[in-house]
Every structure is written in structure tokens, then in C-alpha cells.
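*Asks:* Okay, so here is start.txt, and as you'll see once you scroll down, it has compact mmCIF, C-alpha atoms and all ligand atoms.
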# COMPACT_ATOMS: atom_id res chain seq x y z
CA MET A 17 0.00 0.00 0.00
CA GLU A 18 2.81 2.38 0.71
CA MET A 19 4.30 1.73 -2.73
CA ARG A 20 1.00 2.28 -4.27
CA GLN A 21 0.62 5.42 -2.30
CA VAL A 22 4.11 6.52 -3.28
CA ILE A 23 3.47 5.68 -6.89
CA VAL A 24 0.09 7.31 -6.75
CA LYS A 25 1.58 10.22 -4.90
CA ASN A 26 4.39 10.50 -7.46
CA PHE A 27 1.97 10.01 -10.23
CA HIS A 28 -0.25 12.73 -8.85
CA LEU A 29 2.68 14.97 -8.33
CA VAL A 30 3.73 14.46 -11.91
CA SER A 31 0.19 14.85 -13.04
CA TYR A 32 -0.27 17.87 -10.92
CA ASN A 33 2.94 19.46 -12.06
CA ARG A 34 2.71 18.58 -15.67
CA PHE A 35 -0.90 18.67 -16.45
CA ASN A 36 -2.53 20.68 -13.83
CA SER A 37 -4.01 23.21 -16.25
CA ARG A 38 -6.49 22.55 -19.03
CA GLU A 39 -5.80 18.72 -19.21
CA ASP A 40 -8.64 17.18 -17.22
CA ASN A 41 -9.65 14.61 -19.86
CA ASP A 42 -6.14 13.23 -20.20
CA ASP A 43 -5.90 12.92 -16.39
CA ASN A 44 -8.71 10.33 -16.20
CA ASP A 45 -6.99 8.01 -18.68
CA GLU A 46 -3.72 8.26 -16.86
CA ASP A 47 -5.39 7.45 -13.54
CA ASN A 48 -6.83 4.23 -14.92
CA LEU A 49 -3.49 3.16 -16.29
CA ALA A 50 -1.81 3.83 -12.94
CA ASN A 51 -4.43 1.83 -11.07
CA GLN A 52 -3.99 -1.08 -13.42
CA SER A 53 -0.19 -0.98 -12.92
CA ILE A 54 -0.58 -0.85 -9.18
CA ARG A 55 -2.88 -3.79 -9.14
CA ASN A 56 -0.42 -5.77 -11.20
CA ILE A 57 2.42 -4.83 -8.91
CA SER A 58 0.35 -5.66 -5.86
CA SER A 59 -0.49 -9.19 -7.10
CA GLY A 60 3.23 -10.06 -7.74
CA CYS A 61 4.58 -9.10 -4.33
CA ASN A 62 3.44 -12.23 -2.40
CA THR A 63 6.92 -13.81 -2.22
CA SER A 64 9.94 -11.97 -0.81
CA GLY A 65 13.17 -12.21 -2.93
CA SER A 66 11.71 -13.23 -6.26
CA ARG A 67 8.64 -11.44 -5.52
CA TYR A 68 10.66 -8.44 -4.61
CA TYR A 69 12.72 -8.90 -7.70
CA ARG A 70 9.71 -9.37 -9.83
CA LEU A 71 8.15 -6.55 -8.11
CA SER A 72 11.16 -4.46 -8.87
CA ALA A 73 11.19 -5.66 -12.44
CA VAL A 74 7.56 -5.02 -12.70
CA CYS A 75 8.04 -1.70 -11.02
CA LEU A 76 10.92 -1.01 -13.25
CA THR A 77 8.91 -2.13 -16.23
CA LEU A 78 6.03 -0.13 -15.05
CA LEU A 79 8.34 2.69 -14.38
CA CYS A 80 9.75 2.30 -17.85
CA VAL A 81 6.29 2.08 -19.25
CA LEU A 82 5.36 4.93 -17.10
CA LEU A 83 8.38 6.86 -18.25
CA ILE A 84 7.71 5.92 -21.87
CA SER A 85 4.16 6.93 -21.38
CA ALA A 86 5.25 10.03 -19.63
CA VAL A 87 7.74 10.73 -22.34
CA SER A 88 5.10 10.03 -24.93
CA VAL A 89 2.70 12.16 -23.06
CA LEU A 90 5.38 14.77 -22.64
CA TRP A 91 6.22 14.45 -26.23
CA VAL A 92 2.67 14.91 -27.14
CA LYS A 93 2.46 17.74 -24.63
CA PHE A 94 5.65 19.12 -26.03
CA ASN A 95 4.25 19.00 -29.50
CA ASN A 96 1.08 20.47 -28.20
CA LEU A 97 3.01 23.09 -26.35
CA THR A 98 5.16 23.69 -29.39
CA THR A 99 2.07 24.02 -31.43
CA LYS A 100 0.55 26.15 -28.69
CA ASN A 101 3.75 28.11 -28.50
CA THR A 102 3.69 28.58 -32.21
CA ASP A 103 0.08 29.60 -31.90
CA LEU A 104 0.93 31.86 -29.03
CA GLN A 105 3.81 33.24 -31.00
CA THR A 106 1.55 33.81 -33.92
CA HIS A 107 -1.02 35.16 -31.53
CA TYR A 108 1.66 37.32 -29.95
CA SER A 109 2.73 38.54 -33.36
CA ASN A 110 -0.88 39.19 -34.20
CA LEU A 111 -1.27 40.98 -30.93
CA ILE A 112 1.85 43.03 -31.64
CA LEU A 113 0.44 43.78 -35.03
CA GLU A 114 -2.90 44.57 -33.53
CA LYS A 115 -1.16 46.67 -30.91
CA GLU A 116 0.61 48.58 -33.63
CA GLN A 117 -2.64 48.88 -35.53
CA LEU A 118 -4.30 49.98 -32.35
CA GLN A 119 -1.45 52.39 -31.76
CA THR A 120 -1.93 53.74 -35.25
CA SER A 121 -5.66 53.80 -34.71
CA TYR A 122 -5.06 55.51 -31.40
CA GLU A 123 -2.88 58.09 -33.05
CA ASN A 124 -5.41 58.50 -35.84
CA LEU A 125 -8.16 58.77 -33.31
CA THR A 126 -6.09 61.28 -31.36
CA PHE A 127 -5.58 63.24 -34.54
CA GLU A 128 -9.24 62.92 -35.38
CA ARG A 129 -10.10 63.92 -31.86
CA ASN A 130 -7.93 67.03 -32.24
CA GLN A 131 -9.53 67.69 -35.59
CA LEU A 132 -12.90 67.19 -34.08
CA GLN A 133 -11.89 69.47 -31.23
CA ILE A 134 -10.93 72.14 -33.78
CA MET A 135 -14.10 71.45 -35.70
CA TYR A 136 -16.01 71.65 -32.48
CA SER A 137 -14.45 75.02 -31.74
CA ASN A 138 -15.18 76.12 -35.28
CA LEU A 139 -18.69 74.82 -35.02
CA ASN A 140 -19.12 76.70 -31.72
CA ARG A 141 -17.87 79.83 -33.40
CA ASP A 142 -20.09 79.15 -36.41
CA LYS A 143 -22.92 78.47 -34.06
CA ASP A 144 -22.38 81.87 -32.41
CA GLN A 145 -22.21 83.48 -35.81
CA LEU A 146 -25.26 81.58 -36.94
CA GLN A 147 -26.99 82.64 -33.77
CA ALA A 148 -26.14 86.25 -34.54
CA SER A 149 -27.18 85.69 -38.13
CA TYR A 150 -30.28 84.03 -36.89
CA ASN A 151 -31.08 87.04 -34.76
CA ASN A 152 -30.37 89.34 -37.67
CA LEU A 153 -32.39 87.13 -39.95
CA THR A 154 -35.20 87.22 -37.44
CA VAL A 155 -35.15 90.98 -37.54
CA GLU A 156 -34.82 90.84 -41.31
CA ARG A 157 -37.61 88.32 -41.49
CA ASP A 158 -39.87 90.64 -39.48
CA ARG A 159 -38.90 93.48 -41.76
CA LEU A 160 -39.43 91.30 -44.78
CA GLN A 161 -42.75 90.21 -43.36
CA THR A 162 -43.76 93.83 -43.17
CA SER A 163 -42.43 94.34 -46.65
CA TYR A 164 -44.21 91.21 -47.73
CA ASN A 165 -47.47 92.55 -46.38
CA ASN A 166 -46.85 95.82 -48.15
CA LEU A 167 -45.85 93.94 -51.27
CA THR A 168 -48.99 91.88 -51.02
CA VAL A 169 -51.02 95.05 -51.05
CA GLU A 170 -48.83 96.33 -53.84
CA ARG A 171 -49.12 93.03 -55.67
CA ASP A 172 -52.94 93.26 -55.46
CA ARG A 173 -52.75 96.74 -56.80
CA LEU A 174 -50.33 95.63 -59.48
CA GLN A 175 -52.58 92.71 -60.25
CA THR A 176 -55.35 95.17 -60.93
CA SER A 177 -52.96 97.22 -62.98
CA TYR A 178 -51.80 94.05 -64.68
CA ASN A 179 -55.35 93.20 -65.63
CA ASN A 180 -55.82 96.69 -66.95
CA LEU A 181 -52.49 96.48 -68.72
CA THR A 182 -53.45 93.12 -70.16
CA VAL A 183 -56.49 94.73 -71.70
CA GLU A 184 -54.31 97.60 -72.82
CA ARG A 185 -51.69 95.15 -74.12
CA ASP A 186 -54.31 93.34 -76.17
CA ARG A 187 -55.41 96.65 -77.57
CA LEU A 188 -51.77 97.58 -78.21
CA GLN A 189 -51.16 94.18 -79.73
CA THR A 190 -53.89 94.91 -82.21
CA SER A 191 -52.37 98.29 -82.83
CA TYR A 192 -48.97 96.67 -83.04
CA ASN A 193 -50.18 94.28 -85.69
CA LYS A 194 -51.56 97.17 -87.66
CA LEU A 195 -48.34 99.09 -87.11
CA SER A 196 -46.34 96.05 -88.20
CA VAL A 197 -48.19 96.07 -91.48
CA GLU A 198 -47.57 99.78 -91.76
CA ARG A 199 -43.98 99.25 -90.72
CA ASP A 200 -43.53 96.69 -93.48
CA GLN A 201 -44.99 99.14 -95.91
CA LEU A 202 -42.74 101.84 -94.53
CA GLN A 203 -39.77 99.46 -94.69
CA THR A 204 -40.49 98.96 -98.36
CA SER A 205 -40.79 102.70 -98.77
CA TYR A 206 -37.64 103.11 -96.75
CA ASN A 207 -35.76 100.70 -98.99
CA ASN A 208 -36.97 102.57 -102.03
CA LEU A 209 -36.05 105.84 -100.38
CA THR A 210 -32.64 104.41 -99.47
CA ILE A 211 -32.04 103.60 -103.12
CA GLU A 212 -33.30 107.05 -104.05
CA ARG A 213 -31.16 108.55 -101.32
CA ASP A 214 -28.07 106.73 -102.58
CA ARG A 215 -28.83 107.98 -106.07
CA LEU A 216 -29.30 111.48 -104.70
CA GLN A 217 -26.15 111.08 -102.61
CA THR A 218 -24.23 110.27 -105.78
CA SER A 219 -25.83 113.26 -107.48
CA TYR A 220 -25.07 115.32 -104.39
CA ASN A 221 -21.44 114.23 -104.43
CA ASN A 222 -21.23 115.10 -108.09
CA LEU A 223 -22.85 118.44 -107.34
CA ILE A 224 -20.44 118.98 -104.47
CA THR A 225 -17.56 118.31 -106.85
CA VAL A 226 -19.07 120.67 -109.38
CA ARG A 227 -19.78 123.17 -106.62
CA ASP A 228 -16.18 122.94 -105.40
CA GLN A 229 -14.97 123.43 -108.95
CA ASP A 230 -17.42 126.31 -109.37
CA GLN A 231 -16.33 127.71 -106.02
CA ALA A 232 -12.71 127.54 -107.18
CA LYS A 233 -13.70 129.21 -110.42
CA CYS A 234 -15.80 131.68 -108.47
CA LYS A 235 -12.82 132.38 -106.25
CA GLU A 236 -10.65 132.86 -109.28
CA LEU A 237 -13.34 135.06 -110.78
CA ALA A 238 -13.59 136.98 -107.52
CA ASN A 239 -9.85 137.49 -107.56
CA GLU A 240 -10.05 138.41 -111.20
CA MET A 241 -12.94 140.72 -110.44
CA ALA A 242 -10.97 142.28 -107.58
CA LYS A 243 -8.07 142.77 -109.95
CA LEU A 244 -10.45 144.15 -112.55
CA GLN A 245 -12.00 146.32 -109.87
CA THR A 246 -8.54 147.57 -108.98
CA ASN A 247 -7.73 148.00 -112.64
CA TYR A 248 -11.08 149.70 -113.11
CA SER A 249 -10.32 152.03 -110.22
CA THR A 250 -6.85 152.61 -111.62
CA MET A 251 -8.26 153.13 -115.07
CA ALA A 252 -10.93 155.41 -113.66
CA ASN A 253 -8.21 157.41 -111.97
CA GLN A 254 -6.22 157.27 -115.18
CA LYS A 255 -9.32 158.34 -117.05
CA ASP A 256 -9.76 161.26 -114.68
CA GLN A 257 -6.09 162.02 -115.04
CA LEU A 258 -6.34 161.72 -118.83
CA GLN A 259 -9.41 163.92 -118.77
CA LYS A 260 -7.42 166.46 -116.81
CA GLU A 261 -4.55 166.06 -119.21
CA LYS A 262 -6.95 166.34 -122.12
CA ASP A 263 -8.37 169.51 -120.66
CA GLU A 264 -4.89 170.82 -120.10
CA ILE A 265 -3.87 169.82 -123.64
CA GLN A 266 -6.90 171.59 -124.97
CA ASN A 267 -5.95 174.58 -122.89
CA ARG A 268 -2.41 174.26 -124.20
CA LEU A 269 -3.67 174.03 -127.75
CA ARG A 270 -5.73 177.11 -127.23
CA GLU A 271 -2.72 178.81 -125.64
CA ILE A 272 -0.47 177.57 -128.45
CA ALA A 273 -2.94 178.83 -131.02
CA ALA A 274 -3.14 182.15 -129.26
CA GLN A 275 0.68 182.37 -128.93
CA ALA A 276 1.14 181.27 -132.54
CA LYS A 277 -0.73 184.38 -133.58
CA LEU A 278 2.04 186.32 -131.74
CA GLY A 279 4.87 184.39 -133.47
CA TRP A 280 5.44 181.70 -130.85
CA VAL A 281 6.05 178.11 -131.90
CA TYR A 282 5.25 175.07 -129.87
CA PHE A 283 7.64 172.22 -129.63
CA SER A 284 7.71 169.27 -127.30
CA PHE A 285 9.47 171.29 -124.65
CA GLY A 286 7.47 174.48 -124.66
CA LEU A 287 6.66 177.64 -126.51
CA TYR A 288 9.51 179.23 -128.37
CA PHE A 289 9.80 182.60 -129.98
CA ILE A 290 12.55 182.90 -132.58
CA SER A 291 13.04 186.55 -133.43
CA THR A 292 13.56 187.91 -136.84
CA GLU A 293 15.14 191.04 -135.41
CA LYS A 294 18.70 191.19 -134.12
CA LYS A 295 19.66 192.63 -130.74
CA SER A 296 22.42 192.44 -128.16
CA TRP A 297 22.21 189.64 -125.62
CA THR A 298 20.88 192.00 -122.91
CA GLU A 299 18.30 193.61 -125.21
CA ALA A 300 17.21 190.25 -126.47
CA ARG A 301 16.68 189.02 -122.92
CA ALA A 302 14.74 192.18 -122.10
CA ASP A 303 12.47 191.49 -125.06
CA CYS A 304 11.85 187.96 -123.87
CA ARG A 305 10.95 189.17 -120.40
CA LYS A 306 8.61 191.73 -121.85
CA LYS A 307 6.83 188.81 -123.56
CA GLY A 308 6.53 187.01 -120.24
CA ALA A 309 9.44 184.70 -121.10
CA ASP A 310 13.25 184.49 -120.95
CA LEU A 311 16.08 183.48 -123.19
CA VAL A 312 15.90 179.76 -123.92
CA ILE A 313 17.54 177.23 -121.62
CA ILE A 314 18.61 174.05 -123.45
CA LYS A 315 18.94 170.97 -121.24
CA THR A 316 18.54 168.03 -123.68
CA LYS A 317 20.00 166.92 -126.96
CA GLU A 318 16.52 166.59 -128.45
CA GLU A 319 15.62 170.15 -127.58
CA GLU A 320 18.99 171.27 -129.00
CA GLU A 321 18.36 169.51 -132.29
CA VAL A 322 14.76 170.79 -132.58
CA LEU A 323 15.90 174.39 -132.06
CA VAL A 324 18.81 173.98 -134.50
CA LYS A 325 16.41 172.67 -137.13
CA GLN A 326 13.84 175.39 -136.44
CA LEU A 327 16.45 178.16 -136.48
CA GLY A 328 17.85 177.09 -139.82
CA ASN A 329 21.04 178.44 -141.29
CA ASP A 330 21.40 181.30 -138.78
CA LYS A 331 22.55 182.23 -135.27
CA ALA A 332 20.55 183.31 -132.17
CA TRP A 333 21.18 184.16 -128.52
CA ILE A 334 20.37 181.57 -125.86
CA GLY A 335 20.05 182.16 -122.07
CA LEU A 336 23.69 181.19 -121.16
CA ASN A 337 26.60 183.45 -120.13
CA ASP A 338 29.76 183.65 -118.04
CA ARG A 339 29.78 187.38 -117.44
CA PRO A 340 30.02 187.25 -113.61
CA VAL A 341 32.93 184.76 -113.62
CA GLU A 342 34.86 184.05 -116.79
CA GLY A 343 34.69 180.39 -117.70
CA THR A 344 31.80 179.67 -115.35
CA TRP A 345 28.76 179.39 -117.52
CA LYS A 346 25.33 179.72 -115.99
CA TRP A 347 21.81 179.69 -117.33
CA VAL A 348 19.53 182.66 -116.92
CA ASP A 349 17.58 180.83 -114.22
CA GLY A 350 20.79 180.66 -112.14
CA THR A 351 21.47 176.95 -112.72
CA ALA A 352 24.96 175.78 -113.62
CA LEU A 353 25.82 174.39 -117.02
CA THR A 354 25.97 170.60 -116.82
CA THR A 355 25.46 169.34 -120.36
CA ALA A 356 26.84 171.52 -123.18
CA TYR A 357 26.59 171.33 -126.93
CA TRP A 358 29.46 173.68 -127.85
CA VAL A 359 30.67 173.80 -131.42
CA PRO A 360 34.04 172.09 -131.46
CA GLY A 361 36.74 174.62 -130.43
CA GLU A 362 34.27 176.73 -128.51
CA PRO A 363 34.01 178.48 -126.16
CA ASN A 364 37.26 180.27 -127.04
CA ASP A 365 36.41 183.66 -125.48
CA SER A 366 37.85 185.22 -128.62
CA GLY A 367 37.87 188.94 -127.83
CA ASN A 368 35.97 188.70 -124.51
CA GLU A 369 33.08 186.52 -125.48
CA ASP A 370 30.78 186.04 -122.42
CA CYS A 371 27.41 185.25 -124.03
CA ALA A 372 26.37 182.09 -125.82
CA GLU A 373 24.62 181.80 -129.18
CA LEU A 374 23.12 178.82 -131.04
CA TRP A 375 24.35 178.08 -134.50
CA GLY A 376 21.97 176.39 -136.93
CA LEU A 377 24.46 176.61 -139.75
CA LEU A 378 24.51 173.95 -142.39
CA ASP A 379 28.10 173.00 -141.61
CA LYS A 380 28.19 173.82 -137.93
CA GLN A 381 25.56 173.25 -135.30
CA GLY A 382 25.93 173.99 -131.65
CA TRP A 383 26.92 176.76 -129.28
CA ASN A 384 29.48 179.52 -129.62
CA ASP A 385 30.56 182.24 -127.23
CA ARG A 386 30.68 185.70 -128.66
CA PRO A 387 30.68 189.27 -127.47
CA CYS A 388 27.43 190.07 -125.64
CA ASN A 389 26.98 193.35 -127.48
CA ASP A 390 26.91 191.74 -130.90
CA ARG A 391 23.51 191.94 -132.43
CA VAL A 392 22.01 188.65 -133.51
CA ARG A 393 18.59 187.03 -133.45
CA TRP A 394 17.47 185.45 -130.19
CA ILE A 395 15.21 182.64 -128.95
CA CYS A 396 12.73 183.14 -126.11
CA GLU A 397 11.19 180.27 -124.15
CA LYS A 398 7.92 180.66 -122.27
CA PRO A 399 6.38 178.18 -120.01
CA PHE A 400 2.69 177.39 -120.34
CA ARG A 401 0.34 178.92 -117.82
CA THR A 402 -0.94 175.41 -117.09
CA SER A 403 0.55 173.21 -114.35
CA GLN A 404 2.46 171.11 -116.92
CA TRP A 405 4.55 174.08 -117.93
O1 LIG B 501 31.99 186.40 -134.54
C1 LIG B 501 32.81 185.94 -133.61
C2 LIG B 501 33.22 184.52 -133.94
O2 LIG B 501 33.99 184.45 -135.05
C3 LIG B 501 34.47 183.19 -135.50
O3 LIG B 501 33.41 182.40 -135.92
C4 LIG B 501 32.85 182.74 -137.14
C5 LIG B 501 35.19 182.54 -134.38
N1 LIG B 501 35.60 181.18 -134.79
C6 LIG B 501 36.80 180.80 -134.88
O4 LIG B 501 37.66 181.62 -134.63
C7 LIG B 501 37.10 179.45 -135.36
C8 LIG B 501 34.40 182.54 -133.17
O5 LIG B 501 35.09 181.97 -132.12
C9 LIG B 501 33.92 183.90 -132.83
O6 LIG B 501 33.16 183.92 -131.68
CA CA B 502 33.61 182.04 -129.55
Represent the structure contained in this file as C-alpha cells.
*Replies:*
Amino acid sequence: MEMRQVIVKNFHLVSYNRFNSREDNDDNDEDNLANQSIRNISSGCNTSGSRYYRLSAVCLTLLCVLLISAVSVLWVKFNNLTTKNTDLQTHYSNLILEKEQLQTSYENLTFERNQLQIMYSNLNRDKDQLQASYNNLTVERDRLQTSYNNLTVERDRLQTSYNNLTVERDRLQTSYNKLSVERDQLQTSYNNLTIERDRLQTSYNNLITVRDQDQAKCKELANEMAKLQTNYSTMANQKDQLQKEKDEIQNRLREIAAQAKLGWVYFSFGLYFISTEKKSWTEARADCRKKGADLVIIKTKEEEEVLVKQLGNDKAWIGLNDRPVEGTWKWVDGTALTTAYWVPGEPNDSGNEDCAELWGLLDKQGWNDRPCNDRVRWICEKPFRTSQW
């Protein structure tokens, strides 16, 4: 009994130590096997020595069996544990993975929480704003309600006006249709008028061109007319002047005719009196003065030639002398001699010759100085009483 108790005790110890947890089903099988072994051992221990030996062998065998069983069981347990360990490892890895996922989720959730916190703050702020807006909208709504009521009244009024306008519109529509017909007619007229207008525009442009040309011609004619007007004024003045000259010429002719009766001859330069008598230079001049004239003063070649021709083959005193200063010849009007027509070799003052005479000789024409007391014919010159002389 002690052995059995020891074996049972050992067996229970092993069982307790090895399989205490989660192996209740396996424990029942092992208990039956142990009881069977004990009974076998108990039946063989009736003789000492051999019995003890057999008992030992049996015990040893049992122990071996037990050990083999235990090893088998352990092996199985080991495999189970290995499998369990592998499972646990896998489970651990999964847990690690889940932990990491949870960590990530936690971080995400933390982030989301922060976001939500911000959104919450924003929503609170929006809520306050919305509340303020709501209050404002309430006020606005009341105002709009009032406006709506007013607008309703206005709408009713407008509805009445609309109805009236609808009637008026229908009437206008009828008028519009009539006007459309008239408009179409007017459009046709307008098109025709447009064509006519274009034609007139062309004519107008042509007329403008003609007008511009006429204006240019008119301007030229105006200038020409102004010139003609100026010429006319000039010619009118000339006419007046010519009339005056004509009157003067007529007066001259009358004067010439009157003087001709007294022996005076008209040439281009005035009235000349060529005496037939012969006197000294002083007497001759006195005669001229008595006639309202003076001895002739000859200033041009033409006058010289005319007097030479008129005098003919003779000699006559002219109004030139150098009696105050010998060699300084002066005309009777006090002017100095500038242009002279002396006969070549004259004046020679041959025998104190201080008075000049005109020779109209056939072989000698010109002036000669000779003694003033010599008596020769003389030539008087008288200016006309008119302004030209
Ligand atoms: O009668 C005076 C007159 O006589 C001469 O002319 C005809 C003299 N001529 C010559 O001597 C060349 C004049 O000088 C003179 O005055
Ligand atoms: Ca002389």
C-alpha cells in the first residue's frame, strides 16, 4: 500500500505538475493506467526475494512504461506546447500587429479627436455666428414680413394694374399688328427711299464736286474781279487824269494857237519865240521878259536839235553866259551848265566873249561864245500857264 501510495503520490505529483491546467480529460486516462499498474504490482509481491525482484522488475517495467508513457505524453504535450507556443507566438505577433494597428488607430483617433476638437471650436464659433445671423435674420424676417405685407397690397394693386395692362396690351397688340403692317410698308418705302437717297447722294457728291470746282472758279473770278476792280479804279483814276490832261492839252492848244498868232512856236518842250530882229544879248533878254518869257535854256540833246532845225542856217542868242565869272557858264535861271553842246573849239572867249549863241548853220551846229553886245537874233522860251509848264 505504501508503494501504491508513493506511486500514486508521485503520479499525482507528476500529473499535478505537468498537467494541472487545461488537461482534465487526459488525467482520467492516466489514472486508470496507474491503477492497473498498481494492481499488477500488488499481485506479484506475495513472495519476498523473487517477488521483490519481480516486483522491482515489474516496477521497473512499469516505471519504464510509465516513463515511456510520460515521455510520450510529454512528447505529445511538447508537441502540443510547441504548437501552442507557435500559436501563441503567432497570436503574440498578431497581438503586436494589432497593438501597432491599435497604436496607429489611437494616433489617428487622437488626430481625429484634435480635428474634431478644432471642428467643435469652429462649429461653436459658427454656431455663435449663426446665432447672430439668426437674430439678424429674425429681424430681417420681421422686416421682410412687413415688406411682404406691403408687397402683397402692392401686388394686389399691381394685379389690378396688370389686368388693366393686359387689356391695354391686347389693344396695343392689335395696334402693333396694324403698325407692323404699316412698318412693313414703310420698310419697303424706306428701302426705295434708301435707293433714291443713294442715287441722290451720288448726285449730291457730283454736285459737291461741281460746286467745289465752281467755287474755285468763283474764287478765281472773284480774284479776277478784284483785280479788274482795282484795274477799273486805276483806269478810272487814269481816265480822270487823262481827262485832266486832255483839258490841259486843250488849254495848251488854245494857248499855243493864241501864242502862234504872236509868233510863238510850240515844240515838245514848250513855246519858243525865234526873233527875226537882231539885238544884243541883254536887249534880247529884255524882249523875252517883256513877252513874259526868258532866253531859252537848253537841257537836252533833243531840244537842241529841234531848235537847231527850227532856227535854220542862222545864229541866235540863248540864255547862257559867263559874265560874272569868266569860264563859269550859268543859265539865266541861275542853274549851272551841266550838259553843253558847244561847237568844237568853242568856247574860245575870242575877244571877250561872255554870251552864248546857237548856230543852226549847215556845216556847224551847236553853241558859240561871242561878245554880248553883238547883235544877232534870239530865242525866247515861255512856259505854259498850265501846271504842266
Ligand atoms: O563872230 C565871232 C566869232 O567868229 C568866228 O566864228 C565865225 C570865231 N571862230 C573861230 O575863230 C574858229 C568865233 O570863235 C567867234 O566867236
Ligand atoms: Ca567864240
*Asks:* Need the neighbours of (20.4, 169.6, -137.4): which residues are at most 10 Å away, counting all atoms listed in the file, as a list in words?
*Replies:*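 Within 10 Å of (20.4, 169.6, -137.4), the protein and nucleic acid residues are Glu320, Glu321, Val322, Leu323, Val324, Lys325, Gln326, Leu327, Gly328, Asn329, Trp375, Gly376, Leu377, Leu378, Asp379, Lys380, Gln381 and Gly382 of chain A.
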*Asks:* For the atom pair CA of Gln275 in chain A and CA of Arg391 in chain A, what is the interatomic distance in Å to one decimal place?
*Replies:*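 Calculated distance between CA of Gln275 in chain A and CA of Arg391 in chain A is 25.0 Å.
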*Asks:* Calculated over all atoms listed in the file, which of the candidates A:Asn337, A:Thr355, A:Asn152, A:Thr99 has the smallest distance to ligand CA 502 (chain B)?
*Replies:* A:Asn337
*Asks:* Under the rule that all atoms listed in the file are counted, which of A:Asn384, A:Thr225, A:Ser177, A:Asn389 is the nearest residue to ligand CA 502 (chain B)?
*Replies:* A:Asn384
*Asks:* Which residues of chain A sit at most 10 Å from ligand CA 502 (chain B), using all atoms listed in the file? Give each one's shortest atom pair and distance in Å (one decimal place), in chain and ascending residue order, as JSON lines.
*Replies:*
{"residue": "A:Trp358", "atom": "CA", "partner": "B:CA502", "partner_atom": "CA", "distance": 9.5}
{"residue": "A:Val359", "atom": "CA", "partner": "B:CA502", "partner_atom": "CA", "distance": 8.9}
{"residue": "A:Gly361", "atom": "CA", "partner": "B:CA502", "partner_atom": "CA", "distance": 8.1}
{"residue": "A:Glu362", "atom": "CA", "partner": "B:CA502", "partner_atom": "CA", "distance": 5.5}
{"residue": "A:Pro363", "atom": "CA", "partner": "B:CA502", "partner_atom": "CA", "distance": 4.9}
{"residue": "A:Asn364", "atom": "CA", "partner": "B:CA502", "partner_atom": "CA", "distance": 4.8}
{"residue": "A:Asp365", "atom": "CA", "partner": "B:CA502", "partner_atom": "CA", "distance": 5.2}
{"residue": "A:Ser366", "atom": "CA", "partner": "B:CA502", "partner_atom": "CA", "distance": 5.4}
{"residue": "A:Gly367", "atom": "CA", "partner": "B:CA502", "partner_atom": "CA", "distance": 8.3}
{"residue": "A:Asn368", "atom": "CA", "partner": "B:CA502", "partner_atom": "CA", "distance": 8.7}
{"residue": "A:Glu369", "atom": "CA", "partner": "B:CA502", "partner_atom": "CA", "distance": 6.1}
{"residue": "A:Asp370", "atom": "CA", "partner": "B:CA502", "partner_atom": "CA", "distance": 8.7}
{"residue": "A:Cys371", "atom": "CA", "partner": "B:CA502", "partner_atom": "CA", "distance": 8.9}
{"residue": "A:Ala372", "atom": "CA", "partner": "B:CA502", "partner_atom": "CA", "distance": 8.1}
{"residue": "A:Glu373", "atom": "CA", "partner": "B:CA502", "partner_atom": "CA", "distance": 9.0}
{"residue": "A:Trp383", "atom": "CA", "partner": "B:CA502", "partner_atom": "CA", "distance": 8.5}
{"residue": "A:Asn384", "atom": "CA", "partner": "B:CA502", "partner_atom": "CA", "distance": 4.8}
{"residue": "A:Asp385", "atom": "CA", "partner": "B:CA502", "partner_atom": "CA", "distance": 3.8}
{"residue": "A:Arg386", "atom": "CA", "partner": "B:CA502", "partner_atom": "CA", "distance": 4.8}
{"residue": "A:Pro387", "atom": "CA", "partner": "B:CA502", "partner_atom": "CA", "distance": 8.1}
*Asks:* Would you mind telling me which residue in A:Lys93, A:Leu181, A:Lys260, A:Leu374 lies nearest to ligand LIG 501 (chain B) when using all atoms listed in the file?
*Replies:*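 Going through A:Lys93, A:Leu181, A:Lys260, A:Leu374 one by one, the smallest distance to ligand LIG 501 (chain B) is for A:Leu374.
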*Asks:* How many Å separate CA of Phe283 in chain A from CA of Glu319 in chain A?
*Replies:*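 CA of Phe283 in chain A sits 8.5 Å away from CA of Glu319 in chain A.
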*Asks:* Take CA of Gly286 in chain A and CA of Arg305 in chain A and report the distance between them in Å, one decimal.
*Replies:* 15.7 Å
*Asks:* Would you mind telling me which residue in A:Leu167, A:Ala300, A:Leu209, A:Ile84 lies nearest to Asp390 in chain A when using only C-alpha atoms?
*Replies:*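 Checking each candidate against Asp390 in chain A, we get A:Ala300 as the closest.
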*Asks:* Tell me which of A:Ile272, A:Ile314, A:Leu237, A:Cys388 sits closest to ligand LIG 501 (chain B), counting all atoms listed in the file.
*Replies:*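 Selected residue with least distance to ligand LIG 501 (chain B): A:Cys388.
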*Asks:* Give the answer as one residue: which of A:Val392, A:Val197, A:Leu269, A:Cys304 has the shortest atom-to-atom distance to ligand LIG 501 (chain B), using only C-alpha atoms and all ligand atoms?
*Replies:*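 With only C-alpha atoms and all ligand atoms as the atom set, the closest residue is A:Val392.
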